[in-house]
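For reference, upload.cif is printed below; it contains mmCIF, C-alpha atoms.
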data_query
loop_
_atom_site.label_atom_id
_atom_site.label_comp_id
_atom_site.auth_asym_id
_atom_site.auth_seq_id
_atom_site.Cartn_x
_atom_site.Cartn_y
_atom_site.Cartn_z
CA MET Q 537 -44.47 7.70 -71.34
CA TYR Q 538 -45.63 4.44 -69.81
CA THR Q 539 -43.36 1.41 -69.46
CA LEU Q 540 -45.04 -1.99 -69.61
CA HIS Q 541 -43.04 -4.77 -67.95
CA TYR Q 542 -44.05 -7.84 -69.92
CA ALA Q 543 -43.38 -11.45 -70.73
CA PRO Q 544 -44.77 -13.04 -73.89
CA ASP Q 545 -48.29 -14.44 -73.64
CA ASN Q 546 -48.45 -13.42 -69.96
CA ALA Q 547 -51.20 -11.21 -68.53
CA SER Q 548 -49.24 -8.22 -69.85
CA LEU Q 549 -50.72 -9.23 -73.25
CA ILE Q 550 -54.10 -7.90 -72.05
CA ILE Q 551 -52.62 -4.50 -71.22
CA ARG Q 552 -50.63 -4.40 -74.45
CA LEU Q 553 -53.67 -5.03 -76.64
CA VAL Q 554 -55.66 -2.33 -74.82
CA LEU Q 555 -52.82 0.22 -75.07
CA ASP Q 556 -52.27 -0.49 -78.76
CA GLY Q 557 -56.01 -0.62 -79.39
CA ALA Q 558 -56.35 2.91 -78.02
CA GLY Q 559 -53.18 4.22 -79.68
CA ILE Q 560 -51.56 5.06 -76.35
CA PRO Q 561 -47.76 5.22 -76.64
CA TYR Q 562 -45.66 3.09 -74.28
CA ARG Q 563 -42.34 1.28 -74.06
CA THR Q 564 -42.03 -2.42 -73.34
CA ARG Q 565 -39.48 -3.92 -71.03
CA LEU Q 566 -39.03 -7.68 -71.09
CA VAL Q 567 -39.15 -9.56 -67.81
CA ASP Q 568 -37.01 -12.61 -68.54
CA ARG Q 569 -38.83 -15.40 -66.74
CA ALA Q 570 -36.21 -17.96 -67.81
CA ARG Q 571 -33.85 -16.09 -65.49
CA ARG Q 572 -36.64 -15.49 -62.93
CA GLN Q 573 -36.27 -11.75 -63.34
CA GLN Q 574 -39.71 -11.31 -61.79
CA ASP Q 575 -38.10 -12.30 -58.47
CA SER Q 576 -35.22 -9.81 -58.76
CA ALA Q 577 -34.96 -7.03 -56.19
CA ALA Q 578 -35.39 -4.43 -58.94
CA TYR Q 579 -38.68 -5.93 -60.15
CA ARG Q 580 -39.99 -6.58 -56.64
CA ALA Q 581 -39.33 -2.92 -55.82
CA LEU Q 582 -41.79 -2.02 -58.59
CA ASN Q 583 -44.23 -4.83 -57.87
CA PRO Q 584 -43.84 -6.66 -54.55
CA THR Q 585 -46.09 -9.52 -55.71
CA GLY Q 586 -43.56 -10.46 -58.41
CA LEU Q 587 -46.40 -10.92 -60.89
CA ILE Q 588 -46.51 -9.71 -64.47
CA PRO Q 589 -47.57 -7.11 -65.64
CA THR Q 590 -46.38 -3.92 -64.03
CA LEU Q 591 -47.13 -0.61 -65.71
CA GLU Q 592 -44.88 2.28 -64.78
CA THR Q 593 -46.72 5.58 -64.99
CA PRO Q 594 -45.97 9.19 -64.02
CA ALA Q 595 -48.11 8.42 -60.91
CA GLY Q 596 -45.92 5.47 -59.96
CA PRO Q 597 -45.87 1.76 -60.77
CA LEU Q 598 -49.20 -0.11 -61.05
CA ALA Q 599 -49.66 -3.81 -60.36
CA GLU Q 600 -52.59 -6.15 -61.08
CA THR Q 601 -54.11 -6.54 -64.55
CA GLY Q 602 -57.56 -5.39 -63.42
CA ALA Q 603 -56.20 -2.35 -61.59
CA ILE Q 604 -54.13 -1.31 -64.61
CA LEU Q 605 -57.12 -1.70 -66.93
CA LEU Q 606 -59.34 0.39 -64.67
CA TRP Q 607 -56.69 3.08 -64.21
CA LEU Q 608 -56.16 3.26 -67.99
CA ALA Q 609 -59.91 3.28 -68.60
CA ASP Q 610 -60.40 6.24 -66.27
CA THR Q 611 -57.30 8.11 -67.45
CA HIS Q 612 -57.93 7.66 -71.19
CA HIS Q 613 -61.74 7.29 -71.23
CA LEU Q 614 -61.75 3.69 -72.43
CA GLY Q 615 -64.82 2.74 -70.41
CA PRO Q 616 -67.77 4.27 -68.58
CA GLY Q 617 -66.72 6.94 -66.05
CA PRO Q 618 -67.81 7.07 -62.41
CA ALA Q 619 -71.09 8.91 -63.14
CA ASP Q 620 -72.05 6.74 -66.14
CA PRO Q 621 -75.07 4.44 -65.65
CA ASP Q 622 -72.97 1.58 -67.10
CA ARG Q 623 -70.32 2.01 -64.39
CA PRO Q 624 -71.78 -0.63 -62.01
CA ALA Q 625 -71.79 -3.27 -64.76
CA PHE Q 626 -68.29 -2.30 -65.90
CA LEU Q 627 -66.83 -2.61 -62.41
CA GLN Q 628 -68.60 -5.84 -61.46
CA TRP Q 629 -67.51 -7.69 -64.61
CA LEU Q 630 -63.96 -6.36 -64.32
CA PHE Q 631 -63.69 -7.74 -60.78
CA PHE Q 632 -65.41 -10.97 -61.81
CA LEU Q 633 -62.84 -11.42 -64.59
CA SER Q 634 -59.99 -10.70 -62.17
CA ASN Q 635 -60.94 -12.56 -58.99
CA THR Q 636 -63.00 -15.42 -60.41
CA ALA Q 637 -62.31 -16.20 -64.08
CA HIS Q 638 -58.61 -15.25 -64.17
CA ALA Q 639 -57.98 -16.64 -60.66
CA ASP Q 640 -59.55 -20.01 -61.53
CA LEU Q 641 -57.76 -20.20 -64.88
CA ARG Q 642 -54.50 -19.53 -63.05
CA GLN Q 643 -55.15 -22.72 -61.07
CA ILE Q 644 -55.22 -24.62 -64.36
CA PHE Q 645 -51.81 -23.14 -65.37
CA TYR Q 646 -50.18 -23.80 -62.01
CA PRO Q 647 -52.00 -26.81 -60.48
CA HIS Q 648 -49.00 -27.66 -58.28
CA GLN Q 649 -49.62 -24.45 -56.29
CA TYR Q 650 -53.09 -25.65 -55.34
CA ALA Q 651 -53.28 -29.46 -55.31
CA PRO Q 652 -50.94 -32.46 -54.94
CA ALA Q 653 -49.59 -34.02 -58.13
CA ASP Q 654 -51.68 -37.19 -57.95
CA SER Q 655 -54.86 -35.10 -57.87
CA HIS Q 656 -54.22 -32.90 -60.91
CA ARG Q 657 -56.74 -34.83 -62.99
CA ALA Q 658 -59.54 -34.27 -60.48
CA HIS Q 659 -58.37 -30.68 -60.09
CA LEU Q 660 -58.57 -30.04 -63.83
CA GLU Q 661 -62.01 -31.59 -64.05
CA ILE Q 662 -63.35 -29.38 -61.25
CA MET Q 663 -61.63 -26.19 -62.39
CA SER Q 664 -62.52 -26.59 -66.07
CA THR Q 665 -66.17 -27.16 -65.13
CA ARG Q 666 -66.05 -23.95 -63.11
CA MET Q 667 -64.37 -22.09 -65.98
CA LEU Q 668 -67.04 -23.20 -68.46
CA ARG Q 669 -69.67 -21.83 -66.09
CA HIS Q 670 -67.76 -18.53 -65.92
CA PHE Q 671 -67.53 -18.36 -69.72
CA GLY Q 672 -71.29 -18.95 -69.87
CA LEU Q 673 -71.88 -15.94 -67.60
CA LEU Q 674 -69.42 -13.83 -69.62
CA ASP Q 675 -71.03 -14.89 -72.91
CA ALA Q 676 -74.45 -13.73 -71.62
CA ALA Q 677 -72.98 -10.49 -70.24
CA ALA Q 678 -71.14 -9.73 -73.49
CA ASP Q 679 -74.34 -10.36 -75.43
CA ARG Q 680 -76.28 -7.98 -73.19
CA LEU Q 681 -73.54 -5.32 -72.92
CA PRO Q 682 -71.80 -5.26 -76.33
CA LYS Q 683 -70.33 -1.79 -75.82
CA LEU Q 684 -68.58 -2.78 -72.61
CA PHE Q 685 -67.27 -6.04 -74.08
CA ALA Q 686 -66.25 -4.52 -77.43
CA PRO Q 687 -63.01 -5.77 -79.03
CA GLY Q 688 -60.07 -3.55 -78.12
CA LYS Q 689 -61.77 -2.36 -74.90
CA PRO Q 690 -60.77 -3.50 -71.41
CA LEU Q 691 -63.50 -6.08 -70.75
CA GLY Q 692 -63.50 -7.41 -74.31
CA VAL Q 693 -59.73 -7.86 -74.41
CA TYR Q 694 -59.54 -9.38 -70.92
CA THR Q 695 -62.26 -11.91 -71.81
CA VAL Q 696 -60.84 -12.88 -75.19
CA VAL Q 697 -57.32 -13.43 -73.85
CA LEU Q 698 -58.71 -15.74 -71.15
CA THR Q 699 -60.45 -17.79 -73.88
CA ARG Q 700 -57.09 -18.09 -75.68
CA TRP Q 701 -55.37 -19.52 -72.61
CA ALA Q 702 -58.32 -21.77 -71.81
CA ALA Q 703 -57.92 -23.29 -75.28
CA LEU Q 704 -54.17 -23.87 -74.77
CA TYR Q 705 -53.82 -25.11 -71.18
CA PRO Q 706 -53.00 -27.48 -69.67
CA GLU Q 707 -50.51 -28.06 -72.47
CA THR Q 708 -50.60 -31.84 -72.21
CA GLY Q 709 -54.11 -32.33 -70.86
CA PRO Q 710 -57.41 -32.85 -72.66
CA ARG Q 711 -58.95 -29.89 -74.50
CA TRP Q 712 -61.91 -28.65 -72.48
CA LEU Q 713 -63.07 -25.44 -74.18
CA ASP Q 714 -64.99 -25.34 -77.45
CA LEU Q 715 -65.45 -21.65 -78.15
CA SER Q 716 -68.37 -22.35 -80.50
CA ASP Q 717 -70.39 -23.21 -77.37
CA PHE Q 718 -70.20 -19.48 -76.55
CA PRO Q 719 -71.32 -17.65 -79.70
CA THR Q 720 -70.85 -14.10 -78.39
CA LEU Q 721 -67.32 -14.88 -77.19
CA GLU Q 722 -66.56 -16.59 -80.50
CA ALA Q 723 -67.68 -13.46 -82.37
CA LEU Q 724 -65.57 -11.37 -79.99
CA ALA Q 725 -62.52 -13.55 -80.78
CA ARG Q 726 -63.05 -13.01 -84.53
CA ALA Q 727 -63.52 -9.26 -84.04
CA GLN Q 728 -60.43 -8.89 -81.84
CA GLU Q 729 -58.37 -10.83 -84.36
CA ALA Q 730 -59.55 -8.53 -87.16
CA ARG Q 731 -58.27 -5.41 -85.40
CA VAL Q 732 -55.05 -3.91 -86.78
CA GLU Q 733 -53.10 -4.10 -83.55
CA THR Q 734 -53.65 -7.83 -83.05
CA PRO Q 735 -51.20 -9.18 -85.67
CA VAL Q 736 -48.59 -6.63 -84.57
CA VAL Q 737 -48.77 -7.77 -80.95
CA ALA Q 738 -49.08 -11.42 -82.02
CA ARG Q 739 -45.83 -11.12 -84.01
CA ALA Q 740 -44.02 -9.40 -81.15
CA GLU Q 741 -45.01 -12.17 -78.72
CA GLY Q 742 -45.04 -15.16 -81.11
CA LEU Q 743 -48.77 -15.92 -80.82
CA GLY Q 744 -49.31 -17.22 -84.34
CA SER Q 745 -51.64 -16.01 -87.07
CA HIS Q 746 -54.95 -16.80 -85.32
CA PRO Q 747 -54.23 -16.09 -81.66
CA PHE Q 748 -57.91 -16.08 -80.66
CA THR Q 749 -59.89 -18.12 -83.18
CA ASN Q 750 -57.31 -20.90 -83.49
CA PRO Q 751 -54.71 -20.49 -80.74
CA GLU Q 752 -51.45 -22.40 -80.88
CA GLN Q 753 -48.64 -22.67 -78.33
CA PRO Q 754 -46.63 -19.42 -78.38
CA ASP Q 755 -43.21 -19.26 -79.97
CA PRO Q 756 -41.89 -15.91 -78.77
CA PRO Q 757 -38.98 -14.18 -80.55
CA GLU Q 758 -37.70 -12.97 -77.18
CA GLY Q 759 -38.36 -13.90 -73.59
CA SER Q 760 -40.01 -16.89 -72.02
CA VAL Q 761 -43.68 -17.62 -71.31
CA LEU Q 762 -42.89 -19.52 -68.12
CA MET R 382 -80.33 7.44 -54.54
CA THR R 383 -82.15 4.36 -53.26
CA LEU R 384 -79.81 1.56 -52.18
CA THR R 385 -80.77 -1.99 -51.27
CA LEU R 386 -78.08 -4.33 -49.95
CA HIS R 387 -78.65 -8.07 -50.27
CA HIS R 388 -77.08 -9.26 -47.08
CA ALA R 389 -76.55 -12.04 -44.58
CA PRO R 390 -74.78 -11.33 -41.26
CA ASP R 391 -71.03 -11.99 -41.26
CA PHE R 392 -70.90 -12.75 -44.98
CA ALA R 393 -68.96 -10.62 -47.49
CA SER R 394 -71.98 -8.29 -47.58
CA THR R 395 -70.92 -7.18 -44.09
CA ILE R 396 -67.95 -5.44 -45.74
CA VAL R 397 -70.30 -3.39 -47.89
CA ARG R 398 -72.58 -2.71 -44.92
CA LEU R 399 -69.60 -1.27 -43.02
CA ALA R 400 -68.86 1.09 -45.92
CA LEU R 401 -72.51 2.17 -46.21
CA GLU R 402 -72.65 2.91 -42.47
CA GLU R 403 -69.33 4.78 -42.54
CA LEU R 404 -70.66 6.90 -45.42
CA GLU R 405 -73.99 7.34 -43.60
CA LEU R 406 -75.80 6.49 -46.83
CA PRO R 407 -79.44 5.52 -46.22
CA HIS R 408 -80.03 1.99 -47.41
CA VAL R 409 -82.42 -0.91 -47.10
CA ILE R 410 -81.15 -4.32 -45.95
CA ALA R 411 -82.67 -7.27 -47.80
CA LEU R 412 -81.79 -10.33 -45.74
CA ALA R 413 -80.96 -13.32 -47.92
CA ASP R 414 -82.16 -16.68 -46.62
CA ILE R 415 -79.04 -18.52 -47.77
CA ASP R 416 -79.90 -21.88 -46.21
CA GLY R 417 -83.36 -21.61 -47.77
CA GLY R 418 -81.80 -21.37 -51.25
CA ALA R 419 -82.61 -17.68 -51.79
CA LEU R 420 -79.44 -17.05 -53.82
CA ALA R 421 -80.44 -19.67 -56.40
CA SER R 422 -83.89 -18.17 -57.02
CA PRO R 423 -84.56 -16.71 -60.49
CA GLU R 424 -85.43 -13.33 -58.89
CA TYR R 425 -82.03 -13.15 -57.20
CA ARG R 426 -80.17 -14.36 -60.29
CA ARG R 427 -81.62 -11.35 -62.10
CA VAL R 428 -79.88 -9.14 -59.52
CA ASN R 429 -76.68 -11.20 -59.48
CA PRO R 430 -76.28 -13.92 -62.12
CA VAL R 431 -73.34 -15.40 -60.19
CA GLY R 432 -75.67 -16.12 -57.24
CA LEU R 433 -73.44 -14.72 -54.46
CA ILE R 434 -73.89 -11.98 -51.92
CA PRO R 435 -73.35 -9.11 -51.71
CA ALA R 436 -75.31 -7.37 -54.39
CA LEU R 437 -76.32 -3.72 -54.14
CA GLU R 438 -79.33 -2.42 -56.04
CA THR R 439 -78.81 1.18 -57.16
CA ASP R 440 -80.63 3.71 -59.33
CA HIS R 441 -78.27 2.54 -62.11
CA GLY R 442 -79.19 -1.11 -61.69
CA PRO R 443 -77.70 -3.82 -59.52
CA ILE R 444 -73.99 -4.23 -58.88
CA PHE R 445 -72.28 -7.33 -57.49
CA GLU R 446 -68.70 -8.23 -56.46
CA THR R 447 -67.63 -6.88 -53.07
CA ALA R 448 -64.69 -4.82 -54.35
CA ALA R 449 -66.67 -3.44 -57.29
CA ILE R 450 -69.36 -2.18 -54.90
CA LEU R 451 -66.75 -0.65 -52.58
CA LEU R 452 -65.08 1.14 -55.46
CA TRP R 453 -68.40 2.36 -56.85
CA LEU R 454 -69.25 3.82 -53.42
CA VAL R 455 -65.84 5.55 -53.23
CA ASP R 456 -66.39 7.10 -56.65
CA GLN R 457 -69.98 8.16 -55.92
CA THR R 458 -69.10 9.87 -52.65
CA GLY R 459 -65.45 10.93 -53.03
CA ARG R 460 -64.76 9.31 -49.63
CA LEU R 461 -63.06 6.23 -48.12
CA GLY R 462 -60.49 5.98 -50.93
CA PRO R 463 -58.75 8.11 -53.58
CA GLY R 464 -60.78 9.15 -56.63
CA PRO R 465 -59.74 8.78 -60.29
CA GLN R 466 -57.98 12.15 -60.38
CA GLU R 467 -55.87 11.64 -57.28
CA HIS R 468 -52.16 10.78 -57.35
CA ASP R 469 -52.47 7.63 -55.24
CA ARG R 470 -55.42 6.13 -57.11
CA GLY R 471 -53.24 3.62 -58.95
CA ALA R 472 -51.64 2.22 -55.81
CA PHE R 473 -55.04 2.02 -54.13
CA LEU R 474 -56.49 0.11 -57.11
CA SER R 475 -53.49 -2.25 -57.24
CA TRP R 476 -53.98 -3.27 -53.61
CA LEU R 477 -57.77 -3.40 -53.86
CA PHE R 478 -57.51 -5.88 -56.74
CA PHE R 479 -54.81 -7.79 -54.90
CA THR R 480 -57.04 -8.08 -51.83
CA SER R 481 -59.92 -9.27 -53.98
CA ASN R 482 -58.21 -11.77 -56.28
CA ALA R 483 -55.33 -12.96 -54.07
CA LEU R 484 -56.09 -12.55 -50.35
CA HIS R 485 -59.87 -13.07 -50.55
CA GLN R 486 -59.44 -16.00 -52.97
CA ALA R 487 -56.87 -17.70 -50.74
CA ALA R 488 -59.22 -17.23 -47.77
CA LEU R 489 -62.03 -18.90 -49.72
CA ALA R 490 -59.68 -21.78 -50.59
CA MET R 491 -59.06 -22.22 -46.85
CA PHE R 492 -62.76 -22.12 -45.95
CA TYR R 493 -63.92 -24.35 -48.83
CA PRO R 494 -60.87 -26.60 -49.37
CA HIS R 495 -62.78 -29.24 -51.38
CA ARG R 496 -63.37 -26.71 -54.16
CA ALA R 497 -59.94 -27.13 -55.76
CA ALA R 498 -59.61 -30.88 -56.15
CA GLY R 499 -62.34 -32.62 -54.16
CA GLU R 500 -62.74 -33.80 -50.56
CA ALA R 501 -59.85 -36.26 -50.84
CA ASN R 502 -57.39 -33.39 -51.34
CA SER R 503 -58.80 -30.91 -48.84
CA ALA R 504 -55.87 -31.18 -46.45
CA ALA R 505 -53.33 -30.36 -49.16
CA ALA R 506 -55.47 -27.48 -50.43
CA GLN R 507 -55.65 -26.04 -46.91
CA ALA R 508 -51.90 -26.29 -46.44
CA ALA R 509 -51.36 -24.48 -49.75
CA ALA R 510 -53.92 -21.81 -48.85
CA GLN R 511 -52.30 -21.23 -45.44
CA GLU R 512 -48.96 -20.49 -47.08
CA GLN R 513 -50.56 -18.09 -49.58
CA ILE R 514 -52.55 -16.29 -46.87
CA VAL R 515 -49.51 -15.66 -44.68
CA ALA R 516 -47.41 -14.52 -47.66
CA ARG R 517 -50.10 -12.18 -48.94
CA LEU R 518 -50.84 -10.63 -45.54
CA GLY R 519 -47.06 -10.20 -45.24
CA LEU R 520 -47.00 -8.17 -48.48
CA ILE R 521 -49.79 -5.95 -47.16
CA GLU R 522 -48.00 -5.54 -43.80
CA THR R 523 -44.75 -4.50 -45.52
CA MET R 524 -46.59 -2.09 -47.78
CA VAL R 525 -48.35 -0.42 -44.83
CA ALA R 526 -45.13 -0.32 -42.78
CA THR R 527 -43.03 1.23 -45.55
CA GLN R 528 -45.55 3.47 -47.35
CA SER R 529 -48.14 4.45 -44.70
CA PRO R 530 -50.80 5.00 -47.38
CA ARG R 531 -53.70 7.24 -46.37
CA TRP R 532 -56.11 4.70 -47.97
CA LEU R 533 -55.13 1.95 -45.48
CA SER R 534 -54.39 3.93 -42.37
CA PRO R 535 -55.20 4.10 -38.66
CA ASP R 536 -55.89 7.82 -39.15
CA HIS R 537 -58.66 7.66 -41.78
CA PRO R 538 -61.40 5.10 -42.37
CA GLY R 539 -61.30 3.47 -45.80
CA VAL R 540 -63.01 0.71 -47.74
CA LEU R 541 -59.83 -1.35 -47.87
CA GLY R 542 -59.49 -1.30 -44.08
CA TYR R 543 -62.99 -2.67 -43.71
CA TYR R 544 -62.45 -5.24 -46.47
CA ILE R 545 -59.20 -6.60 -44.99
CA GLY R 546 -60.68 -6.33 -41.49
CA VAL R 547 -63.50 -8.75 -42.28
CA LEU R 548 -61.14 -11.15 -44.11
CA VAL R 549 -58.76 -11.12 -41.13
CA ARG R 550 -61.71 -11.73 -38.80
CA TRP R 551 -62.59 -14.90 -40.69
CA LEU R 552 -58.94 -15.99 -40.98
CA ILE R 553 -58.62 -15.82 -37.18
CA LEU R 554 -61.96 -17.52 -36.48
CA LEU R 555 -62.55 -20.17 -39.11
CA PRO R 556 -59.49 -22.23 -40.12
CA PRO R 557 -59.08 -25.50 -38.21
CA ALA R 558 -55.87 -26.00 -36.21
CA PRO R 559 -52.98 -25.77 -37.03
CA TYR R 560 -54.02 -23.21 -39.65
CA GLY R 561 -55.07 -19.61 -39.19
CA ILE R 562 -53.22 -16.40 -38.42
CA ASP R 563 -51.88 -14.47 -35.46
CA LEU R 564 -52.49 -10.79 -36.05
CA ALA R 565 -49.50 -9.95 -33.81
CA ASP R 566 -47.34 -11.04 -36.77
CA PHE R 567 -48.73 -8.09 -38.75
CA PRO R 568 -48.47 -5.14 -36.31
CA HIS R 569 -48.93 -2.24 -38.76
CA LEU R 570 -51.97 -3.88 -40.29
CA ARG R 571 -53.27 -4.63 -36.81
CA ALA R 572 -53.13 -0.92 -35.93
CA VAL R 573 -55.14 -0.06 -39.04
CA LEU R 574 -57.80 -2.65 -38.24
CA ALA R 575 -57.95 -1.67 -34.55
CA ALA R 576 -58.72 1.91 -35.60
CA HIS R 577 -61.43 0.74 -38.00
CA GLU R 578 -63.23 -1.53 -35.55
CA THR R 579 -63.65 1.28 -33.00
CA ARG R 580 -65.37 3.62 -35.47
CA PRO R 581 -69.02 4.34 -34.56
CA ALA R 582 -70.04 2.89 -37.95
CA ALA R 583 -68.20 -0.37 -37.20
CA ARG R 584 -69.80 -0.57 -33.76
CA ARG R 585 -73.26 -0.19 -35.28
CA VAL R 586 -72.64 -2.99 -37.79
CA ALA R 587 -71.00 -5.19 -35.16
CA ALA R 588 -74.12 -4.82 -33.01
CA SER R 589 -76.57 -5.56 -35.81
CA ASP R 590 -74.54 -8.43 -37.33
CA GLY R 591 -73.55 -9.88 -33.95
CA LEU R 592 -69.77 -9.53 -34.49
CA GLY R 593 -68.72 -8.77 -30.90
CA PRO R 594 -66.81 -5.76 -29.52
CA THR R 595 -63.50 -6.29 -31.40
CA PRO R 596 -64.59 -7.92 -34.66
CA PHE R 597 -61.28 -7.57 -36.54
CA THR R 598 -58.48 -7.76 -33.98
CA LYS R 599 -60.01 -10.17 -31.47
CA PRO R 600 -63.04 -11.79 -33.03
CA GLY R 601 -65.01 -14.27 -30.98
CA SER R 602 -64.45 -12.40 -27.72
#

Please, can you express the file's structure as structure tokens?
Amino acid sequence: MYTLHYAPDNASLIIRLVLDGAGIPYRTRLVDRARRQQDSAAYRALNPTGLIPTLETPAGPLAETGAILLWLADTHHLGPGPADPDRPAFLQWLFFLSNTAHADLRQIFYPHQYAPADSHRAHLEIMSTRMLRHFGLLDAAADRLPKLFAPGKPLGVYTVVLTRWAALYPETGPRWLDLSDFPTLEALARAQEARVETPVVARAEGLGSHPFTNPEQPDPPEGSVL
Amino acid sequence: MTLTLHHAPDFASTIVRLALEELELPHVIALADIDGGALASPEYRRVNPVGLIPALETDHGPIFETAAILLWLVDQTGRLGPGPQEHDRGAFLSWLFFTSNALHQAALAMFYPHRAAGEANSAAAQAAAQEQIVARLGLIETMVATQSPRWLSPDHPGVLGYYIGVLVRWLILLPPAPYGIDLADFPHLRAVLAAHETRPAARRVAASDGLGPTPFTKPGS
């Protein structure tokens, strides 16, 4: 059985929703960020980057959200296989989500890793403008490729979780995302929220009753978001 | 299979060109006139809506994103990296994504430091990028030293070797002093890249793209 090393409302949420959406059994193991468990020798032995998530599998531990999604997709047929004509689109949007959308959004969570404190305002303005452009591209792609971006599936879940965080962060800064500007993503948020696994995961991680259509700051029953 | 690579010499498309040459897959090179605004044209945006190179046109439509193209080529040919059924596929994918979203992104932050917070904060962005680059190359070095994976090895060519090779090339050549890297700090990785740059496929691409005789380990010579 798989073991998902997770922290509430971290990128492990993406993996959790896909696993539950496909009915794949797994155990969770909390990484207590309040005690910086992600930096412990035991965690770094599984995932030398110290990032969350890690998925332990019979083939060894996997790191990187995008890599885990692709490995699960190929192992459990959750996306187009290597010979499928949709494979190029599947791979390109998965990498775009990982190295562009997720990477830029990460800069909004952790601005101090990228820019000095007195420039965080300018940083947010630039990064949020970039993010809105990325959401525009994803909205068009999801409209054109509804099967690939279906709720519960890797690209759909990855996209919708990024819209949740975009609505919530920076915690104290101005709101910069209005999901109604992206009608296909808004419909995806409604559809993901209507799936049976969503309230179960939302309860386990304290995400509130409308984690995607009306996100609120998480209040997890165990563990720490940061 | 007809393949057309949208390319400019010594851009990320060079990574894909190296893989195509190593696989000896016939392909057409479509040179992109970047300074002339070719990537912003409506025709190109139909191939790649993000407006970057590389993009590879295939019988199944266009595909963009360097790492996505590399992985698609691995899966089409069964070469240059483990396939979906192989035991080390997961580790290979983990490090391919890491290279794409962590090492490549930090390199871009170094080369385009105004992107994060404007020109006024370029120096701070470069200092932050330098730290991330060295840390991330260090993780790759330790992984190669301790695990000797066959998918990033001096003994077998692989897409990840070519990908990291081109990134390292740029990280040696482009950052202004005092930034940049010394490949001697990463000896196991250096051995992998030295083996890749002497492959006949790498020599062909180095000649056509004007990369010099040792494009990864001693670029600019």

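Among the candidate residues Q:Thr734, Q:Thr749, Q:Thr590, Q:Ser760, the one lying nearest to chain R is Q:Thr590, with distances computed using all atoms listed in the file.
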
Item checked: Test item: the PyMOL selection byres ((chain R and resi 546) around 12) resolved as a PyMOL selection string -> chain R and resi 391+393+395-397+399-400+480+484-485+518+533+538-545+547-553+564+570-579+583+592+595-600

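Among the candidates Q:Leu715, Q:Leu674, Q:Ala543, Q:Ala653, the residue lying nearest to Q:Gly692 is Q:Leu674 (atoms considered: all atoms listed in the file).
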
Quick one: residues within 12 Å of Q:Gly559, all atoms listed in the file counted, chain neighbours fewer than 6 positions away excluded, as a PDB file with C-alpha atoms, keeping the file's coordinate frame?
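part_9.pdb written:
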ATOM      1  CA  ARG Q 552     -50.630  -4.400 -74.450  1.00  0.00           C
ATOM      2  CA  LEU Q 553     -53.670  -5.030 -76.640  1.00  0.00           C
ATOM      3  CA  HIS Q 612     -57.930   7.660 -71.190  1.00  0.00           C
ATOM      4  CA  LEU Q 614     -61.750   3.690 -72.430  1.00  0.00           C
ATOM      5  CA  GLY Q 688     -60.070  -3.550 -78.120  1.00  0.00           C
ATOM      6  CA  LYS Q 689     -61.770  -2.360 -74.900  1.00  0.00           C
ATOM      7  CA  VAL Q 732     -55.050  -3.910 -86.780  1.00  0.00           C
ATOM      8  CA  GLU Q 733     -53.100  -4.100 -83.550  1.00  0.00           C
TER       9      GLU Q 733
END

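The two atoms in question, atom CA of R:Gly418 and atom CA of R:Gly561, are spaced 29.4 Å apart.
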
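The two atoms in question, atom CA of R:Pro581 and atom CA of R:Asp563, are spaced 25.5 Å apart.
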
For R:Pro435, work out the shell of residues within 6 Å, counting all atoms listed in the file and skipping chain neighbours fewer than 5 positions away, then give it as a PDB file with C-alpha atoms, in the coordinates of the input.
ATOM      1  CA  HIS R 387     -78.650  -8.070 -50.270  1.00  0.00           C
ATOM      2  CA  HIS R 388     -77.080  -9.260 -47.080  1.00  0.00           C
ATOM      3  CA  SER R 394     -71.980  -8.290 -47.580  1.00  0.00           C
TER       4      SER R 394
END

Margin query: the PyMOL selection byres ((chain R and resi 406) around 10) - which residues does that actually catch in the file I just gave you? List them as a PyMOL selection string.
Written below: chain R and resi 382-384+398+400-405+407-409+454+458

Listed atoms of stretch 551-569 of chain Q, axis-aligned box, 4 Å per side: centre and edge lengths to one decimal in Å, as AutoDock Vina command-line options?
--center_x -46.7 --center_y -5.1 --center_z -73.2 --size_x 27.3 --size_y 28.6 --size_z 20.9

Margin query: With the PyMOL selection byres ((chain Q and resi 722) around 12) as the selection, what would be picked from this file? Answer as an MDAnalysis selection string, please.
Written below: chainID Q and resid 671:672 674:675 678:679 687 692 695:697 699:700 713:721 723:729 748:750

Next item on the list: Have a look at atom CA of Q:Leu555 and atom CA of Q:Gly617 and let me know their distance in Å, one decimal.
Entry: 17.9 Å

Need the shell around stretch 754-758 of chain Q: protein/DNA/RNA residues with any atom at most 7 Å away, counting all atoms listed in the file. Skip same-chain ones fewer than 4 positions apart. Format as a CSV table (one decimal) with C-alpha atoms, in the coordinates of the input?
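Output saved as part_34.csv:
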chain,number,residue,atom,x,y,z
Q,544,PRO,CA,-44.8,-13.0,-73.9
Q,740,ALA,CA,-44.0,-9.4,-81.2
Q,741,GLU,CA,-45.0,-12.2,-78.7
Q,742,GLY,CA,-45.0,-15.2,-81.1
Q,743,LEU,CA,-48.8,-15.9,-80.8
Q,744,GLY,CA,-49.3,-17.2,-84.3

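In this comparison, which uses all atoms listed in the file, the residue of Q:Val567, Q:Ala677, Q:Leu691, Q:Val737 approaching Q:Gly759 most closely is Q:Val567.
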
Check: Taking into account all atoms listed in the file, which residue in the set Q:Ile551, Q:Leu684, Q:Ala570, Q:Ile644 is nearest to Q:Tyr705?
Finding: Q:Ile644
